[in-house]
$ cat final08.pdb   # PDB, C-alpha atoms, pLDDT in the B column
ATOM      1  CA  MET R  20    -251.407  41.467 -70.735  1.00 94.00           C
ATOM      2  CA  ARG R  21    -249.969  41.092 -67.265  1.00 93.00           C
ATOM      3  CA  TRP R  22    -247.163  38.961 -65.872  1.00 92.00           C
ATOM      4  CA  TRP R  23    -249.527  36.100 -65.031  1.00 94.00           C
ATOM      5  CA  ASP R  24    -250.524  35.879 -68.712  1.00 95.00           C
ATOM      6  CA  ILE R  25    -246.976  35.079 -69.847  1.00 96.00           C
ATOM      7  CA  GLU R  26    -247.176  31.310 -69.246  1.00 96.00           C
ATOM      8  CA  PRO R  27    -250.405  30.759 -71.260  1.00 97.00           C
ATOM      9  CA  VAL R  28    -249.154  33.198 -73.926  1.00 97.00           C
ATOM     10  CA  LEU R  29    -245.958  31.146 -74.236  1.00 97.00           C
ATOM     11  CA  GLU R  30    -247.979  27.948 -74.646  1.00 96.00           C
ATOM     12  CA  LEU R  31    -249.904  29.497 -77.536  1.00 96.00           C
ATOM     13  CA  GLU R  32    -246.733  31.093 -78.915  1.00 95.00           C
ATOM     14  CA  HIS R  33    -244.950  27.715 -79.068  1.00 95.00           C
ATOM     15  CA  GLU R  34    -247.987  26.044 -80.624  1.00 95.00           C
ATOM     16  CA  LEU R  35    -248.314  28.657 -83.373  1.00 94.00           C
ATOM     17  CA  PHE R  36    -244.660  29.587 -83.951  1.00 90.00           C
ATOM     18  CA  PRO R  37    -242.627  26.499 -83.009  1.00 89.00           C
ATOM     19  CA  GLU R  38    -239.492  27.533 -84.911  1.00 86.00           C
ATOM     20  CA  ASP R  39    -239.272  31.168 -83.883  1.00 86.00           C
ATOM     21  CA  ALA R  40    -241.316  31.517 -80.699  1.00 91.00           C
ATOM     22  CA  TRP R  41    -240.566  34.393 -78.351  1.00 94.00           C
ATOM     23  CA  SER R  42    -239.007  33.579 -74.993  1.00 95.00           C
ATOM     24  CA  ALA R  43    -240.454  34.436 -71.595  1.00 95.00           C
ATOM     25  CA  GLY R  44    -237.697  37.049 -71.257  1.00 95.00           C
ATOM     26  CA  MET R  45    -238.835  38.801 -74.424  1.00 95.00           C
ATOM     27  CA  PHE R  46    -242.385  39.125 -73.092  1.00 96.00           C
ATOM     28  CA  TRP R  47    -241.131  40.251 -69.663  1.00 95.00           C
ATOM     29  CA  SER R  48    -238.999  42.919 -71.347  1.00 94.00           C
ATOM     30  CA  GLU R  49    -241.916  44.188 -73.400  1.00 94.00           C
ATOM     31  CA  LEU R  50    -244.258  44.279 -70.399  1.00 95.00           C
ATOM     32  CA  ALA R  51    -241.678  46.307 -68.473  1.00 93.00           C
ATOM     33  CA  HIS R  52    -242.394  49.137 -70.939  1.00 93.00           C
ATOM     34  CA  ALA R  53    -246.194  48.770 -70.910  1.00 91.00           C
ATOM     35  CA  ARG R  54    -247.164  50.517 -67.665  1.00 89.00           C
ATOM     36  CA  GLY R  55    -246.878  53.948 -66.157  1.00 87.00           C
ATOM     37  CA  PRO R  56    -246.622  57.448 -67.583  1.00 87.00           C
ATOM     38  CA  GLN R  57    -243.590  56.614 -69.745  1.00 90.00           C
ATOM     39  CA  ALA R  58    -245.194  53.509 -71.311  1.00 92.00           C
ATOM     40  CA  THR R  59    -244.257  52.828 -74.929  1.00 95.00           C
ATOM     41  CA  ARG R  60    -245.929  49.431 -75.289  1.00 96.00           C
ATOM     42  CA  ARG R  61    -249.458  48.031 -75.421  1.00 96.00           C
ATOM     43  CA  TYR R  62    -249.941  44.297 -74.898  1.00 96.00           C
ATOM     44  CA  VAL R  63    -253.352  42.655 -74.700  1.00 96.00           C
ATOM     45  CA  VAL R  64    -254.781  39.159 -74.354  1.00 96.00           C
ATOM     46  CA  ALA R  65    -258.116  37.678 -75.359  1.00 96.00           C
ATOM     47  CA  GLU R  66    -259.799  35.003 -73.268  1.00 95.00           C
ATOM     48  CA  GLU R  67    -262.886  32.884 -73.797  1.00 92.00           C
ATOM     49  CA  CYS R  68    -265.519  34.180 -71.404  1.00 90.00           C
ATOM     50  CA  ALA R  69    -266.911  30.753 -70.544  1.00 91.00           C
ATOM     51  CA  THR R  70    -263.597  29.040 -69.798  1.00 92.00           C
ATOM     52  CA  GLY R  71    -261.057  31.801 -69.218  1.00 91.00           C
ATOM     53  CA  ARG R  72    -258.788  30.075 -71.754  1.00 94.00           C
ATOM     54  CA  LEU R  73    -256.328  32.459 -73.389  1.00 96.00           C
ATOM     55  CA  VAL R  74    -257.100  32.437 -77.122  1.00 97.00           C
ATOM     56  CA  GLY R  75    -255.097  35.382 -78.443  1.00 97.00           C
ATOM     57  CA  TYR R  76    -252.609  38.125 -77.726  1.00 97.00           C
ATOM     58  CA  ALA R  77    -251.066  41.122 -79.419  1.00 97.00           C
ATOM     59  CA  GLY R  78    -248.467  43.786 -78.782  1.00 97.00           C
ATOM     60  CA  LEU R  79    -247.456  47.184 -80.121  1.00 97.00           C
ATOM     61  CA  ALA R  80    -244.325  49.253 -79.522  1.00 97.00           C
ATOM     62  CA  ALA R  81    -244.297  53.014 -80.062  1.00 96.00           C
ATOM     63  CA  ALA R  82    -241.251  55.209 -80.637  1.00 95.00           C
ATOM     64  CA  GLY R  83    -241.808  58.833 -81.529  1.00 91.00           C
ATOM     65  CA  ASP R  84    -244.507  58.934 -84.177  1.00 94.00           C
ATOM     66  CA  LEU R  85    -243.902  55.351 -85.332  1.00 97.00           C
ATOM     67  CA  GLY R  86    -245.759  52.284 -84.090  1.00 97.00           C
ATOM     68  CA  ASP R  87    -244.677  48.704 -84.700  1.00 97.00           C
ATOM     69  CA  VAL R  88    -246.862  45.641 -84.321  1.00 97.00           C
ATOM     70  CA  GLN R  89    -244.526  43.366 -82.364  1.00 96.00           C
ATOM     71  CA  THR R  90    -246.756  40.297 -82.277  1.00 96.00           C
ATOM     72  CA  ILE R  91    -250.318  39.215 -82.895  1.00 96.00           C
ATOM     73  CA  ALA R  92    -251.733  35.710 -82.664  1.00 96.00           C
ATOM     74  CA  SER R  93    -254.953  33.805 -82.171  1.00 96.00           C
ATOM     75  CA  ALA R  94    -255.515  30.137 -81.379  1.00 96.00           C
ATOM     76  CA  ARG R  95    -256.200  27.994 -84.440  1.00 95.00           C
ATOM     77  CA  ASP R  96    -259.751  27.251 -83.302  1.00 95.00           C
ATOM     78  CA  GLN R  97    -260.361  31.024 -83.319  1.00 95.00           C
ATOM     79  CA  TRP R  98    -259.250  31.595 -86.920  1.00 93.00           C
ATOM     80  CA  GLY R  99    -262.075  33.105 -88.952  1.00 91.00           C
ATOM     81  CA  THR R 100    -263.964  34.414 -85.896  1.00 92.00           C
ATOM     82  CA  GLY R 101    -262.783  38.033 -86.159  1.00 93.00           C
ATOM     83  CA  LEU R 102    -260.483  37.750 -83.144  1.00 96.00           C
ATOM     84  CA  GLY R 103    -257.435  38.872 -85.138  1.00 95.00           C
ATOM     85  CA  ALA R 104    -259.334  41.947 -86.313  1.00 95.00           C
ATOM     86  CA  ARG R 105    -260.345  42.788 -82.744  1.00 95.00           C
ATOM     87  CA  LEU R 106    -256.766  42.445 -81.522  1.00 96.00           C
ATOM     88  CA  LEU R 107    -255.457  44.582 -84.383  1.00 96.00           C
ATOM     89  CA  THR R 108    -258.153  47.186 -83.736  1.00 95.00           C
ATOM     90  CA  ASP R 109    -256.978  47.440 -80.132  1.00 95.00           C
ATOM     91  CA  LEU R 110    -253.372  47.921 -81.240  1.00 96.00           C
ATOM     92  CA  LEU R 111    -254.331  50.614 -83.736  1.00 96.00           C
ATOM     93  CA  ARG R 112    -256.315  52.441 -81.058  1.00 94.00           C
ATOM     94  CA  ALA R 113    -253.188  52.302 -78.885  1.00 95.00           C
ATOM     95  CA  ALA R 114    -251.087  53.619 -81.784  1.00 96.00           C
ATOM     96  CA  THR R 115    -253.509  56.528 -82.068  1.00 94.00           C
ATOM     97  CA  ALA R 116    -253.254  57.181 -78.314  1.00 93.00           C
ATOM     98  CA  PHE R 117    -249.450  57.086 -78.612  1.00 95.00           C
ATOM     99  CA  GLU R 118    -249.852  59.659 -81.450  1.00 94.00           C
ATOM    100  CA  CYS R 119    -248.248  57.400 -84.046  1.00 96.00           C
ATOM    101  CA  ALA R 120    -248.447  58.780 -87.587  1.00 96.00           C
ATOM    102  CA  GLU R 121    -247.800  55.342 -89.070  1.00 96.00           C
ATOM    103  CA  VAL R 122    -247.595  51.708 -88.017  1.00 97.00           C
ATOM    104  CA  LEU R 123    -245.247  49.075 -89.409  1.00 97.00           C
ATOM    105  CA  LEU R 124    -245.270  45.296 -89.123  1.00 97.00           C
ATOM    106  CA  GLU R 125    -243.497  42.244 -90.464  1.00 96.00           C
ATOM    107  CA  VAL R 126    -245.411  39.160 -91.543  1.00 96.00           C
ATOM    108  CA  ARG R 127    -244.120  35.875 -92.909  1.00 94.00           C
ATOM    109  CA  VAL R 128    -244.313  35.824 -96.703  1.00 95.00           C
ATOM    110  CA  ASP R 129    -246.107  32.472 -96.480  1.00 94.00           C
ATOM    111  CA  ASN R 130    -248.791  33.766 -94.072  1.00 93.00           C
ATOM    112  CA  THR R 131    -251.317  35.012 -96.603  1.00 94.00           C
ATOM    113  CA  ARG R 132    -254.188  34.783 -94.102  1.00 93.00           C
ATOM    114  CA  ALA R 133    -252.545  37.410 -91.885  1.00 94.00           C
ATOM    115  CA  GLN R 134    -251.569  39.518 -94.892  1.00 96.00           C
ATOM    116  CA  ARG R 135    -255.219  39.690 -95.970  1.00 94.00           C
ATOM    117  CA  LEU R 136    -256.201  40.862 -92.469  1.00 94.00           C
ATOM    118  CA  TYR R 137    -253.610  43.644 -92.550  1.00 95.00           C
ATOM    119  CA  GLU R 138    -254.663  44.693 -96.056  1.00 95.00           C
ATOM    120  CA  ARG R 139    -258.304  44.975 -94.881  1.00 93.00           C
ATOM    121  CA  PHE R 140    -257.084  47.528 -92.330  1.00 94.00           C
ATOM    122  CA  GLY R 141    -255.206  49.505 -94.988  1.00 94.00           C
ATOM    123  CA  PHE R 142    -251.659  48.182 -94.525  1.00 96.00           C
ATOM    124  CA  GLU R 143    -249.626  48.217 -97.731  1.00 96.00           C
ATOM    125  CA  PRO R 144    -246.498  46.219 -98.575  1.00 97.00           C
ATOM    126  CA  ILE R 145    -243.346  48.331 -98.645  1.00 97.00           C
ATOM    127  CA  GLY R 146    -240.511  45.793 -98.760  1.00 96.00           C
ATOM    128  CA  PHE R 147    -238.986  42.544 -97.584  1.00 96.00           C
ATOM    129  CA  ARG R 148    -236.591  41.460 -94.876  1.00 94.00           C
ATOM    130  CA  ARG R 149    -234.717  38.460 -96.273  1.00 95.00           C
ATOM    131  CA  GLY R 150    -234.313  35.575 -93.825  1.00 92.00           C
ATOM    132  CA  TYR R 151    -236.033  37.545 -91.049  1.00 91.00           C
ATOM    133  CA  TYR R 152    -237.667  34.553 -89.367  1.00 89.00           C
ATOM    134  CA  GLN R 153    -235.029  32.214 -87.989  1.00 87.00           C
ATOM    135  CA  PRO R 154    -234.061  29.439 -87.814  1.00 85.00           C
ATOM    136  CA  GLY R 155    -236.307  28.670 -90.819  1.00 84.00           C
ATOM    137  CA  ASN R 156    -234.756  31.492 -92.883  1.00 89.00           C
ATOM    138  CA  VAL R 157    -238.221  32.684 -93.977  1.00 90.00           C
ATOM    139  CA  ASP R 158    -238.572  36.154 -95.480  1.00 94.00           C
ATOM    140  CA  ALA R 159    -240.781  38.813 -93.931  1.00 95.00           C
ATOM    141  CA  LEU R 160    -243.059  41.126 -95.863  1.00 96.00           C
ATOM    142  CA  VAL R 161    -242.876  44.606 -94.347  1.00 97.00           C
ATOM    143  CA  MET R 162    -246.192  46.451 -94.349  1.00 97.00           C
ATOM    144  CA  ARG R 163    -247.073  50.015 -93.408  1.00 97.00           C
ATOM    145  CA  LEU R 164    -250.256  51.796 -92.410  1.00 96.00           C
ATOM    146  CA  CYS R 165    -250.301  55.569 -92.633  1.00 94.00           C
ATOM    147  CA  ASP R 166    -252.663  57.368 -90.235  1.00 88.00           C
ATOM    148  CA  PRO R 167    -253.795  54.466 -88.025  1.00 91.00           C
ATOM    149  CA  ALA R 168    -256.639  56.559 -86.576  1.00 84.00           C
ATOM    150  CA  SER R 169    -258.394  56.485 -89.960  1.00 82.00           C
ATOM    151  CA  SER R 170    -258.566  52.688 -90.138  1.00 75.00           C
ATOM    152  CA  VAL R 171    -260.047  51.936 -86.704  1.00 68.00           C
ATOM    153  CA  PRO R 172    -263.813  51.443 -86.357  1.00 61.00           C
ATOM    154  CA  VAL R 173    -265.537  54.211 -84.410  1.00 50.00           C
ATOM    155  CA  ARG R 174    -267.092  51.738 -81.953  1.00 49.00           C
ATOM    156  CA  PRO R 175    -265.285  48.794 -80.373  1.00 46.00           C
ATOM    157  CA  VAL R 176    -265.853  45.476 -82.110  1.00 44.00           C
ATOM    158  CA  ARG R 177    -267.459  43.097 -79.594  1.00 42.00           C
ATOM    159  CA  SER R 178    -268.033  39.390 -79.506  1.00 42.00           C
ATOM    160  CA  GLU R 179    -270.103  37.226 -77.188  1.00 40.00           C
ATOM    161  CA  ASN R 180    -267.271  34.679 -76.975  1.00 42.00           C
ATOM    162  CA  HIS R 181    -264.330  36.904 -76.098  1.00 40.00           C
ATOM    163  CA  GLY R 182    -263.505  39.464 -73.449  1.00 39.00           C
TER     164      GLY R 182
END
$ encode --input "final08.pdb" --output "C-alpha coordinates"
Amino acid sequence: MRWWDIEPVLELEHELFPEDAWSAGMFWSELAHARGPQATRRYVVAEECATGRLVGYAGLAAAGDLGDVQTIASARDQWGTGLGARLLTDLLRAATAFECAEVLLEVRVDNTRAQRLYERFGFEPIGFRRGYYQPGNVDALVMRLCDPASSVPVRPVRSENHG
(Lines of atoms letter the chains of each structure in order from A and count residues from 1; the text may use other names and numbers.)
(Lines give C-alpha, C1' and ligand atoms only; values in the text may rest on other atoms or scores of the structure.)
Protein backbone atom coordinates (compact mmCIF):
# COMPACT_ATOMS: atom_id res chain seq x y z
CA MET A 1 0.00 0.00 0.00
CA ARG A 2 1.23 3.46 -0.89
CA TRP A 3 -0.14 6.92 -0.21
CA TRP A 4 -2.11 6.96 -3.47
CA ASP A 5 -4.00 3.83 -2.33
CA ILE A 6 -5.45 5.56 0.74
CA GLU A 7 -8.46 7.11 -1.04
CA PRO A 8 -9.71 3.84 -2.63
CA VAL A 9 -8.91 1.97 0.60
CA LEU A 10 -11.05 4.47 2.53
CA GLU A 11 -13.93 3.96 0.09
CA LEU A 12 -13.83 0.21 0.70
CA GLU A 13 -13.28 0.73 4.43
CA HIS A 14 -16.42 2.89 4.72
CA GLU A 15 -18.44 0.43 2.64
CA LEU A 16 -17.44 -2.56 4.77
CA PHE A 17 -17.12 -0.95 8.21
CA PRO A 18 -19.50 2.03 8.21
CA GLU A 19 -19.69 2.35 12.00
CA ASP A 20 -16.02 1.99 12.87
CA ALA A 21 -14.08 2.79 9.70
CA TRP A 22 -10.48 3.95 10.01
CA SER A 23 -9.70 7.55 9.12
CA ALA A 24 -7.24 8.71 6.47
CA GLY A 25 -4.95 9.82 9.31
CA MET A 26 -4.85 6.31 10.74
CA PHE A 27 -3.72 4.87 7.41
CA TRP A 28 -1.18 7.68 6.92
CA SER A 29 0.24 6.98 10.38
CA GLU A 30 0.55 3.27 9.68
CA LEU A 31 2.20 3.84 6.29
CA ALA A 32 4.74 6.14 7.94
CA HIS A 33 6.09 3.03 9.69
CA ALA A 34 6.01 0.76 6.62
CA ARG A 35 9.15 1.82 4.73
CA GLY A 36 12.86 1.90 5.32
CA PRO A 37 15.24 -0.09 7.49
CA GLN A 38 13.29 0.61 10.70
CA ALA A 39 9.92 -0.47 9.24
CA THR A 40 7.55 -2.16 11.67
CA ARG A 41 4.50 -2.34 9.41
CA ARG A 42 3.42 -4.21 6.28
CA TYR A 43 0.42 -2.91 4.34
CA VAL A 44 -0.73 -4.39 1.04
CA VAL A 45 -3.54 -3.89 -1.44
CA ALA A 46 -5.12 -6.22 -3.98
CA GLU A 47 -6.37 -4.94 -7.32
CA GLU A 48 -8.30 -6.57 -10.14
CA CYS A 49 -5.86 -7.01 -13.01
CA ALA A 50 -8.38 -6.15 -15.72
CA THR A 51 -9.73 -2.95 -14.16
CA GLY A 52 -7.18 -1.85 -11.57
CA ARG A 53 -10.04 -1.60 -9.05
CA LEU A 54 -8.87 -1.97 -5.46
CA VAL A 55 -10.62 -5.05 -4.05
CA GLY A 56 -8.78 -5.68 -0.79
CA TYR A 57 -6.18 -4.52 1.68
CA ALA A 58 -4.45 -5.71 4.81
CA GLY A 59 -1.97 -4.51 7.39
CA LEU A 60 0.32 -5.93 10.06
CA ALA A 61 2.23 -4.21 12.86
CA ALA A 62 5.27 -5.83 14.46
CA ALA A 63 6.74 -5.02 17.87
CA GLY A 64 9.53 -7.21 19.17
CA ASP A 65 8.53 -10.80 18.55
CA LEU A 66 4.79 -10.02 18.40
CA GLY A 67 2.80 -9.32 15.25
CA ASP A 68 -0.69 -7.86 15.18
CA VAL A 69 -3.07 -7.96 12.24
CA GLN A 70 -4.28 -4.36 12.20
CA THR A 71 -6.79 -4.69 9.38
CA ILE A 72 -7.82 -7.02 6.60
CA ALA A 73 -10.70 -6.59 4.18
CA SER A 74 -11.95 -7.66 0.78
CA ALA A 75 -14.76 -6.24 -1.34
CA ARG A 76 -18.05 -8.10 -0.95
CA ASP A 77 -17.95 -9.31 -4.56
CA GLN A 78 -14.61 -10.97 -3.72
CA TRP A 79 -15.89 -12.96 -0.73
CA GLY A 80 -15.36 -16.68 -1.29
CA THR A 81 -12.64 -16.19 -3.94
CA GLY A 82 -9.66 -16.82 -1.64
CA LEU A 83 -8.61 -13.17 -1.59
CA GLY A 84 -8.76 -12.99 2.21
CA ALA A 85 -6.51 -16.05 2.44
CA ARG A 86 -4.01 -14.48 0.03
CA LEU A 87 -3.95 -11.24 2.01
CA LEU A 88 -3.51 -13.12 5.29
CA THR A 89 -0.75 -15.25 3.77
CA ASP A 90 1.11 -12.08 2.82
CA LEU A 91 0.79 -10.72 6.36
CA LEU A 92 2.02 -13.96 7.89
CA ARG A 93 5.02 -13.97 5.55
CA ALA A 94 5.74 -10.42 6.74
CA ALA A 95 5.39 -11.54 10.37
CA THR A 96 7.96 -14.25 9.66
CA ALA A 97 10.30 -11.69 8.06
CA PHE A 98 9.85 -9.45 11.12
CA GLU A 99 10.78 -12.54 13.22
CA CYS A 100 7.47 -12.57 15.07
CA ALA A 101 7.01 -15.63 17.30
CA GLU A 102 3.25 -15.10 17.41
CA VAL A 103 0.54 -13.03 15.75
CA LEU A 104 -2.57 -11.63 17.40
CA LEU A 105 -5.75 -10.18 15.93
CA GLU A 106 -9.17 -8.97 16.97
CA VAL A 107 -12.28 -9.91 15.01
CA ARG A 108 -15.89 -8.94 15.61
CA VAL A 109 -17.73 -11.69 17.48
CA ASP A 110 -20.45 -11.56 14.83
CA ASN A 111 -18.01 -12.02 11.91
CA THR A 112 -17.97 -15.80 11.76
CA ARG A 113 -16.81 -15.81 8.13
CA ALA A 114 -13.55 -14.10 9.10
CA GLN A 115 -13.18 -16.27 12.20
CA ARG A 116 -13.33 -19.40 10.03
CA LEU A 117 -10.57 -17.98 7.79
CA TYR A 118 -8.33 -17.32 10.78
CA GLU A 119 -9.01 -20.78 12.22
CA ARG A 120 -7.98 -22.37 8.88
CA PHE A 121 -4.60 -20.67 9.33
CA GLY A 122 -4.25 -21.98 12.88
CA PHE A 123 -5.40 -18.96 14.91
CA GLU A 124 -7.02 -19.92 18.21
CA PRO A 125 -9.36 -17.85 20.39
CA ILE A 126 -7.73 -16.60 23.58
CA GLY A 127 -10.18 -14.03 24.95
CA PHE A 128 -12.57 -11.16 24.37
CA ARG A 129 -12.38 -7.39 24.38
CA ARG A 130 -15.78 -6.17 25.55
CA GLY A 131 -17.18 -3.25 23.55
CA TYR A 132 -14.03 -3.06 21.41
CA TYR A 133 -15.75 -1.94 18.22
CA GLN A 134 -17.31 1.48 18.70
CA PRO A 135 -19.72 3.14 18.40
CA GLY A 136 -21.69 -0.12 18.02
CA ASN A 137 -20.29 -1.51 21.29
CA VAL A 138 -19.55 -4.87 19.63
CA ASP A 139 -17.20 -7.30 21.36
CA ALA A 140 -14.00 -8.51 19.74
CA LEU A 141 -12.75 -12.08 19.82
CA VAL A 142 -8.98 -12.07 20.34
CA MET A 143 -7.17 -14.79 18.43
CA ARG A 144 -3.54 -15.88 18.47
CA LEU A 145 -1.31 -17.81 16.10
CA CYS A 146 1.90 -19.25 17.48
CA ASP A 147 4.76 -19.68 14.99
CA PRO A 148 3.33 -17.89 11.93
CA ALA A 149 6.03 -19.39 9.68
CA SER A 150 4.46 -22.83 10.13
CA SER A 151 1.06 -21.80 8.79
CA VAL A 152 2.12 -20.10 5.54
CA PRO A 153 2.08 -22.09 2.29
CA VAL A 154 5.54 -22.75 0.86
CA ARG A 155 4.63 -21.21 -2.51
CA PRO A 156 2.68 -17.97 -2.98
CA VAL A 157 -1.02 -18.44 -3.62
CA ARG A 158 -1.81 -16.91 -7.03
CA SER A 159 -4.99 -15.98 -8.79
CA GLU A 160 -5.66 -14.96 -12.38
CA ASN A 161 -7.97 -12.16 -11.19
CA HIS A 162 -5.78 -10.43 -8.63
CA GLY A 163 -2.32 -8.91 -8.54
$ closest_residue --input "final08.pdb" --among "R:Met45, R:Leu35, R:Leu50, R:Ala94" --to "R:Arg72" --atoms "all atoms listed in the file"
R:Ala94
$ atom_distance --input "final08.pdb" --atom1 "atom CA of R:Tyr62" --atom2 "atom CA of R:Thr108"
12.4 Å
$ closest_atom_pairs --input "final08.pdb" --of "stretch 24-115 of chain R" --to "stretch 151-154 of chain R" --cutoff "10 Å" --atoms "all atoms listed in the file" --output "CSV"
residue,atom,partner,partner_atom,distance
R:Glu38,CA,R:Pro154,CA,6.4
R:Asp39,CA,R:Gln153,CA,6.0
R:Ala40,CA,R:Gln153,CA,9.7
$ atom_distance --input "final08.pdb" --atom1 "atom CA of R:Gly146" --atom2 "atom CA of R:Gly101"
26.7 Å
$ residues_around --input "final08.pdb" --residues "R:Tyr76" --least-positions-apart "2" --cutoff "12 Å" --atoms "all atoms listed in the file" --output "ChimeraX atom specification"
/R:20-21,24-25,27-32,35,46,61-66,72-74,78-79,88-94,97,102-107,109-110,181-182
$ resolve_selection --input "final08.pdb" --expression "the PyMOL selection byres ((chain R and resi 83) around 10)" --output "JSON, numbers by chain"
{"R": [59, 81, 82, 84, 85, 86, 117, 118, 119, 120]}
$ resolve_selection --input "final08.pdb" --expression "the PyMOL selection byres ((chain R and resi 165) around 12)" --output "mmCIF file with C-alpha atoms, in the coordinates of the input"
data_model
loop_
_atom_site.group_PDB
_atom_site.id
_atom_site.type_symbol
_atom_site.label_atom_id
_atom_site.label_comp_id
_atom_site.auth_asym_id
_atom_site.auth_seq_id
_atom_site.Cartn_x
_atom_site.Cartn_y
_atom_site.Cartn_z
ATOM 1 C CA ASP R 84 -244.507 58.934 -84.177
ATOM 2 C CA LEU R 85 -243.902 55.351 -85.332
ATOM 3 C CA GLY R 86 -245.759 52.284 -84.090
ATOM 4 C CA ASP R 87 -244.677 48.704 -84.700
ATOM 5 C CA LEU R 111 -254.331 50.614 -83.736
ATOM 6 C CA ALA R 114 -251.087 53.619 -81.784
ATOM 7 C CA THR R 115 -253.509 56.528 -82.068
ATOM 8 C CA GLU R 118 -249.852 59.659 -81.450
ATOM 9 C CA CYS R 119 -248.248 57.400 -84.046
ATOM 10 C CA ALA R 120 -248.447 58.780 -87.587
ATOM 11 C CA GLU R 121 -247.800 55.342 -89.070
ATOM 12 C CA VAL R 122 -247.595 51.708 -88.017
ATOM 13 C CA LEU R 123 -245.247 49.075 -89.409
ATOM 14 C CA LEU R 124 -245.270 45.296 -89.123
ATOM 15 C CA PHE R 140 -257.084 47.528 -92.330
ATOM 16 C CA GLY R 141 -255.206 49.505 -94.988
ATOM 17 C CA PHE R 142 -251.659 48.182 -94.525
ATOM 18 C CA GLU R 143 -249.626 48.217 -97.731
ATOM 19 C CA PRO R 144 -246.498 46.219 -98.575
ATOM 20 C CA ILE R 145 -243.346 48.331 -98.645
ATOM 21 C CA MET R 162 -246.192 46.451 -94.349
ATOM 22 C CA ARG R 163 -247.073 50.015 -93.408
ATOM 23 C CA LEU R 164 -250.256 51.796 -92.410
ATOM 24 C CA ASP R 166 -252.663 57.368 -90.235
ATOM 25 C CA PRO R 167 -253.795 54.466 -88.025
ATOM 26 C CA ALA R 168 -256.639 56.559 -86.576
ATOM 27 C CA SER R 169 -258.394 56.485 -89.960
ATOM 28 C CA SER R 170 -258.566 52.688 -90.138
ATOM 29 C CA VAL R 171 -260.047 51.936 -86.704
#
$ atom_distance --input "final08.pdb" --atom1 "atom CA of R:Asn156" --atom2 "atom CA of R:Trp41"
15.9 Å
$ axis_aligned_box --input "final08.pdb" --around "stretch 28-37 of chain R" --padding-each-side "3 Å" --output "JSON"
{"center_x": -246.3, "center_y": 29.6, "center_z": -78.9, "size_x": 13.3, "size_y": 13.2, "size_z": 16.0}
$ build_atoms --input "final08.pdb" --residues "stretch 121-152 of chain R" --atoms "N, CA and C atoms" --output "CSV table (one decimal), keeping the file's coordinate frame"
chain,number,residue,atom,x,y,z
R,121,GLU,N,-247.8,56.5,-88.2
R,121,GLU,CA,-247.8,55.3,-89.1
R,121,GLU,C,-247.4,54.1,-88.2
R,122,VAL,N,-247.8,53.0,-88.7
R,122,VAL,CA,-247.6,51.7,-88.0
R,122,VAL,C,-247.0,50.7,-89.0
R,123,LEU,N,-245.9,50.1,-88.6
R,123,LEU,CA,-245.2,49.1,-89.4
R,123,LEU,C,-245.5,47.7,-88.8
R,124,LEU,N,-245.3,46.7,-89.6
R,124,LEU,CA,-245.3,45.3,-89.1
R,124,LEU,C,-244.5,44.4,-90.1
R,125,GLU,N,-244.1,43.3,-89.6
R,125,GLU,CA,-243.5,42.2,-90.5
R,125,GLU,C,-244.4,41.0,-90.4
R,126,VAL,N,-244.6,40.4,-91.5
R,126,VAL,CA,-245.4,39.2,-91.5
R,126,VAL,C,-244.7,38.2,-92.5
R,127,ARG,N,-244.8,36.9,-92.1
R,127,ARG,CA,-244.1,35.9,-92.9
R,127,ARG,C,-244.7,35.9,-94.3
R,128,VAL,N,-243.8,35.8,-95.3
R,128,VAL,CA,-244.3,35.8,-96.7
R,128,VAL,C,-245.3,34.7,-97.0
R,129,ASP,N,-245.2,33.6,-96.2
R,129,ASP,CA,-246.1,32.5,-96.5
R,129,ASP,C,-247.4,32.5,-95.6
R,130,ASN,N,-247.6,33.6,-94.9
R,130,ASN,CA,-248.8,33.8,-94.1
R,130,ASN,C,-249.8,34.7,-94.8
R,131,THR,N,-250.4,34.2,-95.8
R,131,THR,CA,-251.3,35.0,-96.6
R,131,THR,C,-252.6,35.4,-95.8
R,132,ARG,N,-253.0,34.5,-94.9
R,132,ARG,CA,-254.2,34.8,-94.1
R,132,ARG,C,-254.0,36.1,-93.3
R,133,ALA,N,-252.8,36.2,-92.6
R,133,ALA,CA,-252.5,37.4,-91.9
R,133,ALA,C,-252.4,38.6,-92.8
R,134,GLN,N,-251.7,38.4,-94.0
R,134,GLN,CA,-251.6,39.5,-94.9
R,134,GLN,C,-252.9,40.1,-95.3
R,135,ARG,N,-253.9,39.2,-95.6
R,135,ARG,CA,-255.2,39.7,-96.0
R,135,ARG,C,-255.9,40.5,-94.9
R,136,LEU,N,-255.7,40.1,-93.6
R,136,LEU,CA,-256.2,40.9,-92.5
R,136,LEU,C,-255.6,42.3,-92.5
R,137,TYR,N,-254.3,42.3,-92.6
R,137,TYR,CA,-253.6,43.6,-92.6
R,137,TYR,C,-254.0,44.5,-93.7
R,138,GLU,N,-254.2,43.9,-94.9
R,138,GLU,CA,-254.7,44.7,-96.1
R,138,GLU,C,-256.1,45.3,-95.8
R,139,ARG,N,-256.9,44.5,-95.2
R,139,ARG,CA,-258.3,45.0,-94.9
R,139,ARG,C,-258.3,46.2,-94.0
R,140,PHE,N,-257.2,46.4,-93.2
R,140,PHE,CA,-257.1,47.5,-92.3
R,140,PHE,C,-256.3,48.7,-93.0
R,141,GLY,N,-255.9,48.4,-94.2
R,141,GLY,CA,-255.2,49.5,-95.0
R,141,GLY,C,-253.7,49.4,-95.0
R,142,PHE,N,-253.1,48.4,-94.4
R,142,PHE,CA,-251.7,48.2,-94.5
R,142,PHE,C,-251.3,47.9,-96.0
R,143,GLU,N,-250.1,48.4,-96.4
R,143,GLU,CA,-249.6,48.2,-97.7
R,143,GLU,C,-248.2,47.7,-97.7
R,144,PRO,N,-247.9,46.7,-98.6
R,144,PRO,CA,-246.5,46.2,-98.6
R,144,PRO,C,-245.5,47.3,-99.0
R,145,ILE,N,-244.4,47.3,-98.3
R,145,ILE,CA,-243.3,48.3,-98.6
R,145,ILE,C,-242.0,47.7,-98.8
R,146,GLY,N,-241.8,46.4,-98.6
R,146,GLY,CA,-240.5,45.8,-98.8
R,146,GLY,C,-240.4,44.4,-98.1
R,147,PHE,N,-239.2,43.9,-98.1
R,147,PHE,CA,-239.0,42.5,-97.6
R,147,PHE,C,-237.8,42.6,-96.7
R,148,ARG,N,-237.8,41.7,-95.7
R,148,ARG,CA,-236.6,41.5,-94.9
R,148,ARG,C,-236.2,40.0,-95.1
R,149,ARG,N,-235.1,39.8,-95.9
R,149,ARG,CA,-234.7,38.5,-96.3
R,149,ARG,C,-234.2,37.7,-95.0
R,150,GLY,N,-234.7,36.5,-94.9
R,150,GLY,CA,-234.3,35.6,-93.8
R,150,GLY,C,-234.7,36.1,-92.4
R,151,TYR,N,-235.7,36.9,-92.3
R,151,TYR,CA,-236.0,37.5,-91.0
R,151,TYR,C,-236.4,36.5,-90.0
R,152,TYR,N,-237.2,35.5,-90.3
R,152,TYR,CA,-237.7,34.6,-89.4
R,152,TYR,C,-236.7,33.4,-89.3
